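Q: Got model_35.csv for you, CSV, C-alpha atoms and all ligand atoms:
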chain,number,residue,atom,x,y,z
A,886,MET,CA,-121.0,-132.8,68.3
A,887,GLY,CA,-118.4,-135.5,67.7
A,888,ASP,CA,-115.2,-135.3,65.7
A,889,VAL,CA,-115.2,-134.6,62.0
A,890,VAL,CA,-112.6,-135.3,59.3
A,891,LEU,CA,-111.4,-132.4,57.1
A,892,SER,CA,-109.6,-133.0,53.9
A,893,VAL,CA,-107.8,-130.8,51.4
A,894,ALA,CA,-106.2,-132.6,48.5
A,895,LYS,CA,-104.1,-135.3,50.2
A,896,LEU,CA,-104.1,-133.6,53.6
A,897,SER,CA,-106.5,-134.8,56.2
A,898,GLU,CA,-107.1,-134.1,59.9
A,899,ARG,CA,-109.7,-135.4,62.5
A,900,GLY,CA,-111.0,-133.5,65.5
A,901,ALA,CA,-113.5,-131.0,66.8
A,902,ILE,CA,-114.9,-128.3,64.5
A,903,LEU,CA,-116.4,-124.9,65.4
A,904,ILE,CA,-118.8,-123.3,63.0
A,905,THR,CA,-118.4,-119.5,63.2
A,906,HIS,CA,-120.4,-116.6,61.7
A,907,ASN,CA,-117.9,-116.5,58.8
A,908,GLY,CA,-116.7,-120.0,58.3
A,909,VAL,CA,-115.3,-122.9,60.1
A,910,SER,CA,-112.7,-122.9,62.9
A,911,GLY,CA,-111.8,-125.0,65.9
A,912,PRO,CA,-109.0,-127.5,66.7
A,913,VAL,CA,-109.3,-129.5,63.5
A,914,VAL,CA,-109.2,-126.5,61.3
A,915,LEU,CA,-106.2,-125.0,63.1
A,916,ARG,CA,-104.3,-128.3,63.0
A,917,LEU,CA,-105.0,-128.7,59.2
A,918,SER,CA,-103.9,-125.1,58.6
A,919,ALA,CA,-100.7,-125.6,60.7
A,920,TRP,CA,-99.6,-129.0,59.3
A,921,GLY,CA,-100.6,-128.1,55.8
A,922,ALA,CA,-99.4,-124.4,55.9
A,923,ARG,CA,-96.8,-124.8,53.1
A,924,LYS,CA,-99.2,-126.7,50.8
A,925,LEU,CA,-102.1,-124.4,51.4
A,926,HIS,CA,-99.8,-121.4,50.6
A,927,ALA,CA,-98.7,-123.2,47.4
A,928,MET,CA,-102.4,-123.4,46.5
A,929,ASP,CA,-102.7,-119.6,47.1
A,930,TYR,CA,-105.3,-120.5,49.7
A,931,ARG,CA,-107.9,-121.4,47.0
A,932,PHE,CA,-109.2,-125.0,47.3
A,933,PRO,CA,-112.3,-127.0,48.1
A,934,LEU,CA,-112.4,-128.1,51.8
A,935,ARG,CA,-114.2,-131.4,52.3
A,936,ILE,CA,-115.9,-132.3,55.6
A,937,ASN,CA,-117.0,-135.8,56.7
A,938,TRP,CA,-119.4,-135.0,59.5
A,939,LEU,CA,-119.8,-138.6,60.7
A,940,PRO,CA,-116.3,-140.2,60.3
A,941,THR,CA,-117.1,-143.0,62.7
A,942,MET,CA,-119.7,-144.3,60.3
A,943,THR,CA,-118.8,-146.1,57.1
A,944,GLU,CA,-120.9,-145.3,54.0
A,945,ALA,CA,-122.6,-148.7,54.4
A,946,ALA,CA,-123.4,-148.0,58.1
A,947,LEU,CA,-124.9,-144.6,57.0
A,948,ARG,CA,-127.1,-146.3,54.4
A,949,THR,CA,-128.3,-148.8,57.0
A,950,GLU,CA,-129.1,-145.9,59.4
A,951,LEU,CA,-131.1,-144.1,56.8
A,952,ARG,CA,-132.9,-147.4,55.8
A,953,VAL,CA,-133.9,-148.0,59.5
A,954,ARG,CA,-135.4,-144.5,59.6
A,955,ARG,CA,-137.4,-145.2,56.5
A,956,ASP,CA,-138.7,-148.5,58.0
A,957,LYS,CA,-139.3,-147.3,61.6
A,958,GLN,CA,-140.6,-143.7,61.0
A,959,PRO,CA,-141.8,-143.6,57.4
A,960,ASN,CA,-144.0,-140.6,57.8
A,961,LYS,CA,-141.5,-138.4,59.8
A,962,HIS,CA,-140.0,-135.5,58.0
A,963,VAL,CA,-136.4,-136.0,57.0
A,964,VAL,CA,-135.5,-132.5,58.1
A,965,ASN,CA,-136.8,-133.2,61.6
A,966,SER,CA,-134.8,-136.4,62.3
A,967,PRO,CA,-131.1,-135.7,62.6
A,968,ILE,CA,-128.6,-138.4,63.0
A,969,ALA,CA,-126.8,-138.2,66.4
A,970,PRO,CA,-124.6,-136.4,67.3
A,971,LEU,CA,-125.2,-133.8,64.5
A,972,PRO,CA,-126.9,-130.6,65.8
A,973,VAL,CA,-130.4,-130.0,64.4
A,974,ARG,CA,-129.4,-126.8,62.6
A,975,LEU,CA,-126.5,-128.4,60.8
A,976,TRP,CA,-128.7,-131.4,59.8
A,977,LYS,CA,-131.3,-129.0,58.4
A,978,ASN,CA,-128.6,-127.3,56.3
A,979,LEU,CA,-127.2,-130.6,55.0
A,980,VAL,CA,-130.7,-131.8,54.1
A,981,SER,CA,-131.4,-128.6,52.3
A,982,ASN,CA,-128.0,-128.7,50.5
A,983,ALA,CA,-128.8,-132.2,49.3
A,984,GLY,CA,-131.9,-130.6,47.6
A,985,ILE,CA,-134.4,-132.3,49.9
A,986,SER,CA,-137.4,-130.0,50.6
A,987,PRO,CA,-138.8,-129.7,54.1
A,988,ASP,CA,-142.0,-131.6,53.2
A,989,ILE,CA,-140.2,-134.8,52.3
A,990,VAL,CA,-140.8,-137.7,54.7
A,991,TRP,CA,-138.6,-140.8,54.9
A,992,THR,CA,-140.8,-143.0,52.8
A,993,THR,CA,-140.9,-140.5,49.9
A,994,LEU,CA,-137.1,-139.9,49.9
A,995,SER,CA,-135.8,-141.0,46.5
A,996,ARG,CA,-132.7,-143.1,45.9
A,997,GLU,CA,-131.0,-140.0,44.3
A,998,ALA,CA,-131.9,-137.8,47.2
A,999,THR,CA,-130.6,-140.5,49.6
A,1000,ASN,CA,-127.3,-140.6,47.7
A,1001,GLY,CA,-127.2,-136.8,47.8
A,1002,LEU,CA,-127.7,-136.7,51.6
A,1003,ILE,CA,-125.0,-139.3,52.1
A,1004,ARG,CA,-122.6,-137.2,49.9
A,1005,GLN,CA,-123.4,-134.2,52.1
A,1006,LEU,CA,-122.8,-136.1,55.3
A,1007,ARG,CA,-119.6,-137.6,54.1
A,1008,GLU,CA,-118.1,-134.9,51.8
A,1009,THR,CA,-119.7,-131.5,52.2
A,1010,GLU,CA,-117.5,-129.3,50.0
A,1011,LEU,CA,-116.8,-125.7,51.1
A,1012,PRO,CA,-114.9,-123.4,48.8
A,1013,VAL,CA,-111.9,-121.6,50.5
A,1014,HIS,CA,-110.8,-118.4,48.8
A,1015,GLY,CA,-108.0,-116.6,50.6
A,1016,LYS,CA,-106.8,-116.4,54.2
A,1017,SER,CA,-107.3,-114.0,57.1
A,1018,LEU,CA,-105.2,-110.8,57.2
A,1019,ASN,CA,-102.0,-110.1,59.0
A,1020,LYS,CA,-102.5,-110.1,62.9
A,1021,GLU,CA,-105.9,-112.0,62.5
A,1022,GLU,CA,-104.3,-115.3,61.6
A,1023,PHE,CA,-103.9,-118.1,64.2
A,1024,VAL,CA,-101.3,-120.1,62.3
A,1025,THR,CA,-98.0,-118.7,61.3
A,1026,CYS,CA,-95.5,-120.9,59.6
A,1027,GLY,CA,-91.9,-120.4,58.6
A,1028,GLY,CA,-89.2,-118.2,60.1
A,1029,VAL,CA,-85.5,-118.4,61.0
A,1030,SER,CA,-84.3,-121.9,60.3
A,1031,LEU,CA,-83.7,-123.8,63.6
A,1032,ARG,CA,-80.5,-125.2,62.1
A,1033,GLU,CA,-79.1,-121.7,62.2
A,1034,ILE,CA,-79.7,-121.3,66.0
A,1035,ASN,CA,-77.7,-122.5,69.0
A,1036,PHE,CA,-80.6,-123.7,71.3
A,1037,LYS,CA,-78.4,-123.4,74.4
A,1038,THR,CA,-78.2,-119.6,74.0
A,1039,MET,CA,-80.7,-118.8,71.1
A,1040,GLU,CA,-77.7,-117.1,69.4
A,1041,SER,CA,-77.4,-117.1,65.6
A,1042,ARG,CA,-74.8,-119.6,64.4
A,1043,ILE,CA,-74.4,-117.3,61.4
A,1044,ARG,CA,-74.2,-113.9,63.1
A,1045,PRO,CA,-72.7,-114.1,66.6
A,1046,GLY,CA,-74.2,-111.5,69.0
A,1047,LEU,CA,-77.7,-111.8,67.3
A,1048,TYR,CA,-80.3,-113.7,69.3
A,1049,PHE,CA,-83.7,-115.0,68.2
A,1050,ALA,CA,-86.9,-115.9,70.1
A,1051,GLY,CA,-90.6,-116.6,69.7
A,1052,GLU,CA,-92.6,-116.3,66.5
A,1053,LEU,CA,-89.5,-115.3,64.4
A,1054,LEU,CA,-88.3,-118.9,64.6
A,1055,ASP,CA,-89.5,-121.7,62.4
A,1056,ILE,CA,-91.5,-123.3,65.1
A,1057,ASP,CA,-95.2,-124.4,64.8
A,1058,GLY,CA,-96.7,-125.2,68.1
A,1059,ILE,CA,-100.1,-126.9,68.4
A,1060,THR,CA,-102.6,-124.1,69.3
A,1061,GLY,CA,-103.6,-124.1,73.0
A,1062,GLY,CA,-100.4,-122.7,74.5
A,1063,PHE,CA,-97.4,-124.3,72.8
A,1064,ASN,CA,-96.6,-121.2,70.8
A,1065,PHE,CA,-96.7,-119.0,73.9
A,1066,GLN,CA,-94.5,-121.6,75.7
A,1067,ALA,CA,-92.0,-121.6,72.8
A,1068,ALA,CA,-92.0,-117.8,72.8
A,1069,TRP,CA,-91.5,-117.5,76.6
A,1070,THR,CA,-88.9,-120.3,76.8
A,1071,THR,CA,-86.8,-119.1,73.9
A,1072,GLY,CA,-87.2,-115.5,75.1
A,1073,TRP,CA,-86.0,-116.4,78.6
A,1074,ILE,CA,-83.0,-118.4,77.2
A,1075,ALA,CA,-82.1,-115.6,74.8
A,1076,GLY,CA,-82.4,-113.0,77.7
A,1077,GLN,CA,-80.3,-115.0,80.1
A,1078,SER,CA,-77.6,-115.6,77.4
A,1079,MET,CA,-77.5,-111.9,76.4
A,1080,GLY,CA,-77.2,-110.8,80.0
A,1081,ALA,CA,-74.6,-113.5,81.0
A,1082,PRO,CA,-71.5,-112.0,82.7
A,1083,GLU,CA,-69.2,-113.0,79.8
A,1084,LYS,CA,-71.4,-111.0,77.4
A,1085,ARG,CA,-71.1,-107.8,79.3
B,1101,LIG,C1,-105.3,-114.5,67.0
B,1101,LIG,C2,-104.1,-115.3,67.6
B,1101,LIG,C3,-104.4,-116.3,68.5
B,1101,LIG,C4,-103.4,-117.0,69.1
B,1101,LIG,N1,-103.6,-118.0,70.0
B,1101,LIG,C5,-102.6,-118.7,70.6
B,1101,LIG,C6,-102.9,-119.7,71.6
B,1101,LIG,O1,-104.1,-120.0,71.9
B,1101,LIG,N2,-101.9,-120.3,72.1
B,1101,LIG,C7,-100.6,-120.1,71.7
B,1101,LIG,O2,-99.7,-120.7,72.3
B,1101,LIG,N3,-100.3,-119.1,70.8
B,1101,LIG,C8,-101.3,-118.4,70.2
B,1101,LIG,N4,-101.0,-117.5,69.3
B,1101,LIG,C9,-99.6,-117.3,68.9
B,1101,LIG,C10,-98.9,-116.4,70.0
B,1101,LIG,O3,-99.6,-115.2,70.2
B,1101,LIG,C11,-97.5,-116.1,69.4
B,1101,LIG,O4,-96.8,-117.3,69.2
B,1101,LIG,C12,-96.7,-115.3,70.5
B,1101,LIG,O5,-97.4,-114.1,70.8
B,1101,LIG,C13,-95.3,-114.9,69.9
B,1101,LIG,O6,-94.6,-114.1,70.7
B,1101,LIG,P1,-93.5,-113.1,70.2
B,1101,LIG,O7,-93.1,-112.3,71.4
B,1101,LIG,O8,-92.5,-114.0,69.5
B,1101,LIG,O9,-94.1,-112.2,69.0
B,1101,LIG,P2,-95.3,-111.1,69.2
B,1101,LIG,O10,-96.2,-111.5,70.3
B,1101,LIG,O11,-95.8,-111.0,67.8
B,1101,LIG,O12,-94.5,-109.8,69.6
B,1101,LIG,C14,-93.7,-109.1,68.6
B,1101,LIG,C15,-93.7,-107.7,69.1
B,1101,LIG,O13,-92.7,-107.0,68.3
B,1101,LIG,C16,-93.3,-105.8,67.9
B,1101,LIG,N5,-92.6,-105.3,66.7
B,1101,LIG,C17,-92.7,-105.8,65.4
B,1101,LIG,N6,-91.8,-105.1,64.6
B,1101,LIG,C18,-91.2,-104.2,65.4
B,1101,LIG,C19,-90.2,-103.3,65.1
B,1101,LIG,N7,-89.7,-103.1,63.9
B,1101,LIG,N8,-89.8,-102.5,66.1
B,1101,LIG,C20,-90.2,-102.7,67.4
B,1101,LIG,N9,-91.2,-103.6,67.7
B,1101,LIG,C21,-91.6,-104.3,66.7
B,1101,LIG,C22,-94.7,-106.1,67.6
B,1101,LIG,O14,-95.5,-104.9,67.7
B,1101,LIG,C23,-95.0,-107.0,68.8
B,1101,LIG,O15,-95.4,-106.3,70.0
B,1101,LIG,C24,-102.0,-116.7,68.7
B,1101,LIG,C25,-101.8,-115.8,67.8
B,1101,LIG,C26,-102.8,-115.1,67.2
B,1101,LIG,C27,-102.5,-114.0,66.2
The structure given in the file should be rewritten as structure tokens.
Ligand SMILES: Cc1cc2nc3c(=O)[nH]c(=O)nc-3n(C[C@H](O)[C@H](O)[C@H](O)COP(=O)(O)OP(=O)(O)OC[C@H]3O[C@@H](n4cnc5c(N)ncnc54)[C@H](O)[C@@H]3O)c2cc1C

A:
Amino acid sequence: MGDVVLSVAKLSERGAILITHNGVSGPVVLRLSAWGARKLHAMDYRFPLRINWLPTMTEAALRTELRVRRDKQPNKHVVNSPIAPLPVRLWKNLVSNAGISPDIVWTTLSREATNGLIRQLRETELPVHGKSLNKEEFVTCGGVSLREINFKTMESRIRPGLYFAGELLDIDGITGGFNFQAAWTTGWIAGQSMGAPEKR
């Protein structure tokens, strides 16, 4: 499947999505969670998440696509003719969410149902209520302010002799290795500095 666009209030991210057994995940969800972490926290993790499944198509292009289907395959069931690159199961669910029953063929699809399908394709709304529990979450935000750290040594500028590394710091890496890299790099620097001869 191609990229989708996710939106929450004024936040928006585009990328690959993963539909899991208990919700949505994947790079676009993790990025939205990371960049929007403070705003999502302020909303107490309760908000509607909107998904545009076909962001490369404008609403007009989508209407044309549906009209072409009605003209070229009038007697084909709507539920059996997904728009590429949407997977068949996702299409079936979107058609069902739009209130279109499985026996509807393109030629009998009403104007209201067409509008409903376009709404589903462009702005499916999923309610988000709460976040995953400690140790299950992928995104962690916040920590010791970087202004308070000497990056040459990872020593606190406020409390000499105290060193910080990794997740404790206010660093948000893009998922895929950057948080590990930040933890290893800052850990190595802190270790080297603590063990430096002048510290012994
Ligand atoms: C589900 C999940 C998936 C992730 N995927 C990725 C990914 O794909 N790529 C990526 O880059 N990052 C990923 N991360 C983030 C990455 O795991 C962390 O950024 C990294 O592990 C931070 O390392 P750390 O050593 O700073 O902290 P941690 O790995 O959290 O280590 C802290 C350690 O301190 C111990 N500890 C806590 N309190 C005390 C105490 N009072 N006394 C003694 N010990 C204590 C804890 O038990 C723990 O072992 C993921 C995180 C999660 C949760």

Q: With 10 Å as the cut-off and all atoms listed in the file counted, what is the closest atom pair between each nearby residue of chain A and ligand LIG 1101 (chain B)? Distances in Å to one decimal, ordered by chain and number, as a Markdown table.

A:
| residue | atom | partner | partner_atom | distance |
| --- | --- | --- | --- | --- |
| A:Leu1018 | CA | B:LIG1101 | C27 | 9.9 |
| A:Asn1019 | CA | B:LIG1101 | C27 | 8.2 |
| A:Lys1020 | CA | B:LIG1101 | C27 | 5.1 |
| A:Glu1021 | CA | B:LIG1101 | C1 | 5.2 |
| A:Glu1022 | CA | B:LIG1101 | C27 | 5.1 |
| A:Phe1023 | CA | B:LIG1101 | C26 | 4.4 |
| A:Val1024 | CA | B:LIG1101 | C25 | 7.0 |
| A:Thr1025 | CA | B:LIG1101 | C9 | 7.9 |
| A:Phe1049 | CA | B:LIG1101 | O8 | 9.0 |
| A:Ala1050 | CA | B:LIG1101 | O8 | 5.9 |
| A:Gly1051 | CA | B:LIG1101 | O8 | 3.2 |
| A:Glu1052 | CA | B:LIG1101 | O8 | 3.8 |
| A:Leu1053 | CA | B:LIG1101 | O8 | 6.1 |
| A:Leu1054 | CA | B:LIG1101 | O8 | 8.1 |
| A:Ile1056 | CA | B:LIG1101 | O4 | 9.0 |
| A:Asp1057 | CA | B:LIG1101 | O4 | 8.5 |
| A:Gly1058 | CA | B:LIG1101 | O2 | 6.8 |
| A:Ile1059 | CA | B:LIG1101 | O2 | 7.3 |
| A:Thr1060 | CA | B:LIG1101 | N2 | 4.8 |
| A:Gly1061 | CA | B:LIG1101 | N2 | 4.3 |
| A:Gly1062 | CA | B:LIG1101 | O2 | 3.1 |
| A:Phe1063 | CA | B:LIG1101 | O2 | 4.3 |
| A:Asn1064 | CA | B:LIG1101 | O2 | 3.5 |
| A:Phe1065 | CA | B:LIG1101 | O2 | 3.8 |
| A:Gln1066 | CA | B:LIG1101 | O2 | 6.3 |
| A:Ala1067 | CA | B:LIG1101 | O4 | 7.4 |
| A:Ala1068 | CA | B:LIG1101 | O6 | 5.0 |
| A:Trp1069 | CA | B:LIG1101 | O6 | 7.5 |
| A:Thr1071 | CA | B:LIG1101 | O8 | 8.8 |
| A:Gly1072 | CA | B:LIG1101 | O7 | 7.7 |

Q: Go ahead and write the residues just picked, C-alpha atoms, as a compact mmCIF listing (two decimals), in the coordinates of the input.

A:
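The file below, again_11.txt, is the result:
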# COMPACT_ATOMS: atom_id res chain seq x y z
CA LEU A 1018 -105.20 -110.80 57.20
CA ASN A 1019 -102.00 -110.10 59.00
CA LYS A 1020 -102.50 -110.10 62.90
CA GLU A 1021 -105.90 -112.00 62.50
CA GLU A 1022 -104.30 -115.30 61.60
CA PHE A 1023 -103.90 -118.10 64.20
CA VAL A 1024 -101.30 -120.10 62.30
CA THR A 1025 -98.00 -118.70 61.30
CA PHE A 1049 -83.70 -115.00 68.20
CA ALA A 1050 -86.90 -115.90 70.10
CA GLY A 1051 -90.60 -116.60 69.70
CA GLU A 1052 -92.60 -116.30 66.50
CA LEU A 1053 -89.50 -115.30 64.40
CA LEU A 1054 -88.30 -118.90 64.60
CA ILE A 1056 -91.50 -123.30 65.10
CA ASP A 1057 -95.20 -124.40 64.80
CA GLY A 1058 -96.70 -125.20 68.10
CA ILE A 1059 -100.10 -126.90 68.40
CA THR A 1060 -102.60 -124.10 69.30
CA GLY A 1061 -103.60 -124.10 73.00
CA GLY A 1062 -100.40 -122.70 74.50
CA PHE A 1063 -97.40 -124.30 72.80
CA ASN A 1064 -96.60 -121.20 70.80
CA PHE A 1065 -96.70 -119.00 73.90
CA GLN A 1066 -94.50 -121.60 75.70
CA ALA A 1067 -92.00 -121.60 72.80
CA ALA A 1068 -92.00 -117.80 72.80
CA TRP A 1069 -91.50 -117.50 76.60
CA THR A 1071 -86.80 -119.10 73.90
CA GLY A 1072 -87.20 -115.50 75.10

Q: Can you work out the spacing between CA of Leu891 (chain A) and CA of Arg935 (chain A) in Å, to one decimal?

A: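 Computed distance, CA of Leu891 (chain A) to CA of Arg935 (chain A), equals 5.6 Å.
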
Q: For His962 (chain A), work out the shell of residues within 9 Å, counting only C-alpha atoms and skipping chain neighbours fewer than 4 positions away, then give it as an mmCIF file with C-alpha atoms, in the frame of the given file.

A:
data_model
loop_
_atom_site.group_PDB
_atom_site.id
_atom_site.type_symbol
_atom_site.label_atom_id
_atom_site.label_comp_id
_atom_site.auth_asym_id
_atom_site.auth_seq_id
_atom_site.Cartn_x
_atom_site.Cartn_y
_atom_site.Cartn_z
ATOM 1 C CA GLN A 958 -140.600 -143.700 61.000
ATOM 2 C CA SER A 966 -134.800 -136.400 62.300
ATOM 3 C CA PRO A 987 -138.800 -129.700 54.100
ATOM 4 C CA ASP A 988 -142.000 -131.600 53.200
ATOM 5 C CA ILE A 989 -140.200 -134.800 52.300
ATOM 6 C CA VAL A 990 -140.800 -137.700 54.700
ATOM 7 C CA TRP A 991 -138.600 -140.800 54.900
#

Q: Just checking: using only C-alpha atoms, which residue out of A:Pro1045, A:Gly1028, A:Gly1001, A:Gly1076 ends up closest to Arg948 (chain A)?

A: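 The closest residue to Arg948 (chain A) is A:Gly1001.
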
Q: Using all atoms listed in the file, can you list as a PyMOL selection string the residues within 12 Å of (-79.5, -113.3, 80.6)?

A: chain A and resi 1037-1040+1048+1071-1085

Q: Excluding Leu1011 (chain A) and residues on its chain fewer than 5 positions from it, collect all residues at most 10 Å away from it, counting all atoms listed in the file, and give them as a short mmCIF file (atom, residue, chain, number, x, y, z; two decimals) with C-alpha atoms, keeping the file's coordinate frame.

A:
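What follows is the written file part08.cif:
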data_model
loop_
_atom_site.label_atom_id
_atom_site.label_comp_id
_atom_site.auth_asym_id
_atom_site.auth_seq_id
_atom_site.Cartn_x
_atom_site.Cartn_y
_atom_site.Cartn_z
CA GLY A 908 -116.70 -120.00 58.30
CA VAL A 909 -115.30 -122.90 60.10
CA PHE A 932 -109.20 -125.00 47.30
CA PRO A 933 -112.30 -127.00 48.10
CA LEU A 934 -112.40 -128.10 51.80
CA ARG A 935 -114.20 -131.40 52.30
CA ILE A 936 -115.90 -132.30 55.60
#

Q: Just give me the residues with any atom within 12 Å of (-132.2, -128.2, 57.1), file coordinates, counting all atoms listed in the file, written as a PDB file with C-alpha atoms, in the coordinates of the input.

A:
ATOM      1  CA  HIS A 962    -140.000-135.500  58.000  1.00  0.00           C
ATOM      2  CA  VAL A 963    -136.400-136.000  57.000  1.00  0.00           C
ATOM      3  CA  VAL A 964    -135.500-132.500  58.100  1.00  0.00           C
ATOM      4  CA  ASN A 965    -136.800-133.200  61.600  1.00  0.00           C
ATOM      5  CA  SER A 966    -134.800-136.400  62.300  1.00  0.00           C
ATOM      6  CA  PRO A 967    -131.100-135.700  62.600  1.00  0.00           C
ATOM      7  CA  LEU A 971    -125.200-133.800  64.500  1.00  0.00           C
ATOM      8  CA  PRO A 972    -126.900-130.600  65.800  1.00  0.00           C
ATOM      9  CA  VAL A 973    -130.400-130.000  64.400  1.00  0.00           C
ATOM     10  CA  ARG A 974    -129.400-126.800  62.600  1.00  0.00           C
ATOM     11  CA  LEU A 975    -126.500-128.400  60.800  1.00  0.00           C
ATOM     12  CA  TRP A 976    -128.700-131.400  59.800  1.00  0.00           C
ATOM     13  CA  LYS A 977    -131.300-129.000  58.400  1.00  0.00           C
ATOM     14  CA  ASN A 978    -128.600-127.300  56.300  1.00  0.00           C
ATOM     15  CA  LEU A 979    -127.200-130.600  55.000  1.00  0.00           C
ATOM     16  CA  VAL A 980    -130.700-131.800  54.100  1.00  0.00           C
ATOM     17  CA  SER A 981    -131.400-128.600  52.300  1.00  0.00           C
ATOM     18  CA  ASN A 982    -128.000-128.700  50.500  1.00  0.00           C
ATOM     19  CA  ALA A 983    -128.800-132.200  49.300  1.00  0.00           C
ATOM     20  CA  GLY A 984    -131.900-130.600  47.600  1.00  0.00           C
ATOM     21  CA  ILE A 985    -134.400-132.300  49.900  1.00  0.00           C
ATOM     22  CA  SER A 986    -137.400-130.000  50.600  1.00  0.00           C
ATOM     23  CA  PRO A 987    -138.800-129.700  54.100  1.00  0.00           C
ATOM     24  CA  ASP A 988    -142.000-131.600  53.200  1.00  0.00           C
ATOM     25  CA  ILE A 989    -140.200-134.800  52.300  1.00  0.00           C
ATOM     26  CA  LEU A1002    -127.700-136.700  51.600  1.00  0.00           C
ATOM     27  CA  GLN A1005    -123.400-134.200  52.100  1.00  0.00           C
TER      28      GLN A1005
END

Q: Taking into account all atoms listed in the file, which residue in the set A:Trp920, A:Ala901, A:Thr992, A:Leu915 is nearest to Lys957 (chain A)?

A: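 Using all atoms listed in the file, Lys957 (chain A) sits closest to A:Thr992.
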
Q: Could you give me, as CSV, a per-residue list for region 963-1031 of chain A showing, wherever an atom lies at most 9 Å from an atom of region 928-931 of chain A, the closest pair of atoms and their distance in Å to one decimal, using all atoms listed in the file and sorting by chain then residue number from low to high?

A:
residue,atom,partner,partner_atom,distance
A:Pro1012,CA,A:Arg931,CA,7.5
A:Val1013,CA,A:Arg931,CA,5.3
A:His1014,CA,A:Arg931,CA,4.5
A:Gly1015,CA,A:Tyr930,CA,4.8
A:Lys1016,CA,A:Tyr930,CA,6.3

Q: When you draw a straight line from CA of Gly900 (chain A) to CA of Thr943 (chain A), how long is it in Å?

A: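 Computing it gives 17.0 Å between the two atoms.
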
Q: Quick one: distance from CA of Pro959 (chain A) to CA of Arg1004 (chain A) in Å, one decimal?

A: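 Here the two named atoms are 21.6 Å from each other.
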
Q: Please identify all polymer residues within 12 Å of Asp888 (chain A), counting all atoms listed in the file, omitting same-chain residues fewer than 2 positions from it, and present them as a JSON list (two decimals) with C-alpha atoms, in the coordinates of the input.

A:
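File produced: part-v4.json:
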[["chain", "number", "residue", "atom", "x", "y", "z"],
["A", 886, "MET", "CA", -121.00, -132.80, 68.30],
["A", 890, "VAL", "CA", -112.60, -135.30, 59.30],
["A", 891, "LEU", "CA", -111.40, -132.40, 57.10],
["A", 898, "GLU", "CA", -107.10, -134.10, 59.90],
["A", 899, "ARG", "CA", -109.70, -135.40, 62.50],
["A", 900, "GLY", "CA", -111.00, -133.50, 65.50],
["A", 901, "ALA", "CA", -113.50, -131.00, 66.80],
["A", 902, "ILE", "CA", -114.90, -128.30, 64.50],
["A", 903, "LEU", "CA", -116.40, -124.90, 65.40],
["A", 911, "GLY", "CA", -111.80, -125.00, 65.90],
["A", 912, "PRO", "CA", -109.00, -127.50, 66.70],
["A", 913, "VAL", "CA", -109.30, -129.50, 63.50],
["A", 914, "VAL", "CA", -109.20, -126.50, 61.30],
["A", 936, "ILE", "CA", -115.90, -132.30, 55.60],
["A", 937, "ASN", "CA", -117.00, -135.80, 56.70],
["A", 938, "TRP", "CA", -119.40, -135.00, 59.50],
["A", 939, "LEU", "CA", -119.80, -138.60, 60.70],
["A", 940, "PRO", "CA", -116.30, -140.20, 60.30],
["A", 941, "THR", "CA", -117.10, -143.00, 62.70],
["A", 942, "MET", "CA", -119.70, -144.30, 60.30],
["A", 969, "ALA", "CA", -126.80, -138.20, 66.40],
["A", 970, "PRO", "CA", -124.60, -136.40, 67.30],
["A", 971, "LEU", "CA", -125.20, -133.80, 64.50]]

Q: Just checking: using only C-alpha atoms, which residue out of A:Lys924, A:Arg1007, A:Asp1055, A:Ser897 ends up closest to Glu1033 (chain A)?

A: A:Asp1055

Q: For a quick check of understanding, using only C-alpha atoms, which of A:Val1029, A:Val953, A:Leu1047, A:Leu896 has the smallest distance to Ser918 (chain A)?

A: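 Of the candidates, the smallest distance to Ser918 (chain A) is held by A:Leu896.
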
Q: Where atoms are missing, can you supply N, CA and C atoms for region 962-970 of chain A and output the lot as a short mmCIF file (atom, residue, chain, number, x, y, z; two decimals), keeping the file's coordinate frame?

A:
data_model
loop_
_atom_site.label_atom_id
_atom_site.label_comp_id
_atom_site.auth_asym_id
_atom_site.auth_seq_id
_atom_site.Cartn_x
_atom_site.Cartn_y
_atom_site.Cartn_z
N HIS A 962 -140.75 -136.30 58.92
CA HIS A 962 -140.00 -135.50 58.00
C HIS A 962 -138.51 -135.68 58.13
N VAL A 963 -137.85 -135.82 57.00
CA VAL A 963 -136.40 -136.00 57.00
C VAL A 963 -135.70 -134.92 57.77
N VAL A 964 -136.15 -133.70 57.50
CA VAL A 964 -135.50 -132.50 58.10
C VAL A 964 -135.60 -132.48 59.60
N ASN A 965 -136.56 -133.24 60.14
CA ASN A 965 -136.80 -133.20 61.60
C ASN A 965 -136.18 -134.44 62.32
N SER A 966 -135.39 -135.23 61.61
CA SER A 966 -134.80 -136.40 62.30
C SER A 966 -133.34 -136.54 62.06
N PRO A 967 -132.56 -135.68 62.75
CA PRO A 967 -131.10 -135.70 62.60
C PRO A 967 -130.46 -136.99 63.10
N ILE A 968 -129.34 -137.31 62.51
CA ILE A 968 -128.60 -138.40 63.00
C ILE A 968 -127.65 -137.93 64.11
N ALA A 969 -127.72 -138.57 65.28
CA ALA A 969 -126.80 -138.20 66.40
C ALA A 969 -125.40 -138.43 65.97
N PRO A 970 -124.46 -137.58 66.38
CA PRO A 970 -124.60 -136.40 67.30
C PRO A 970 -124.68 -135.10 66.49
#
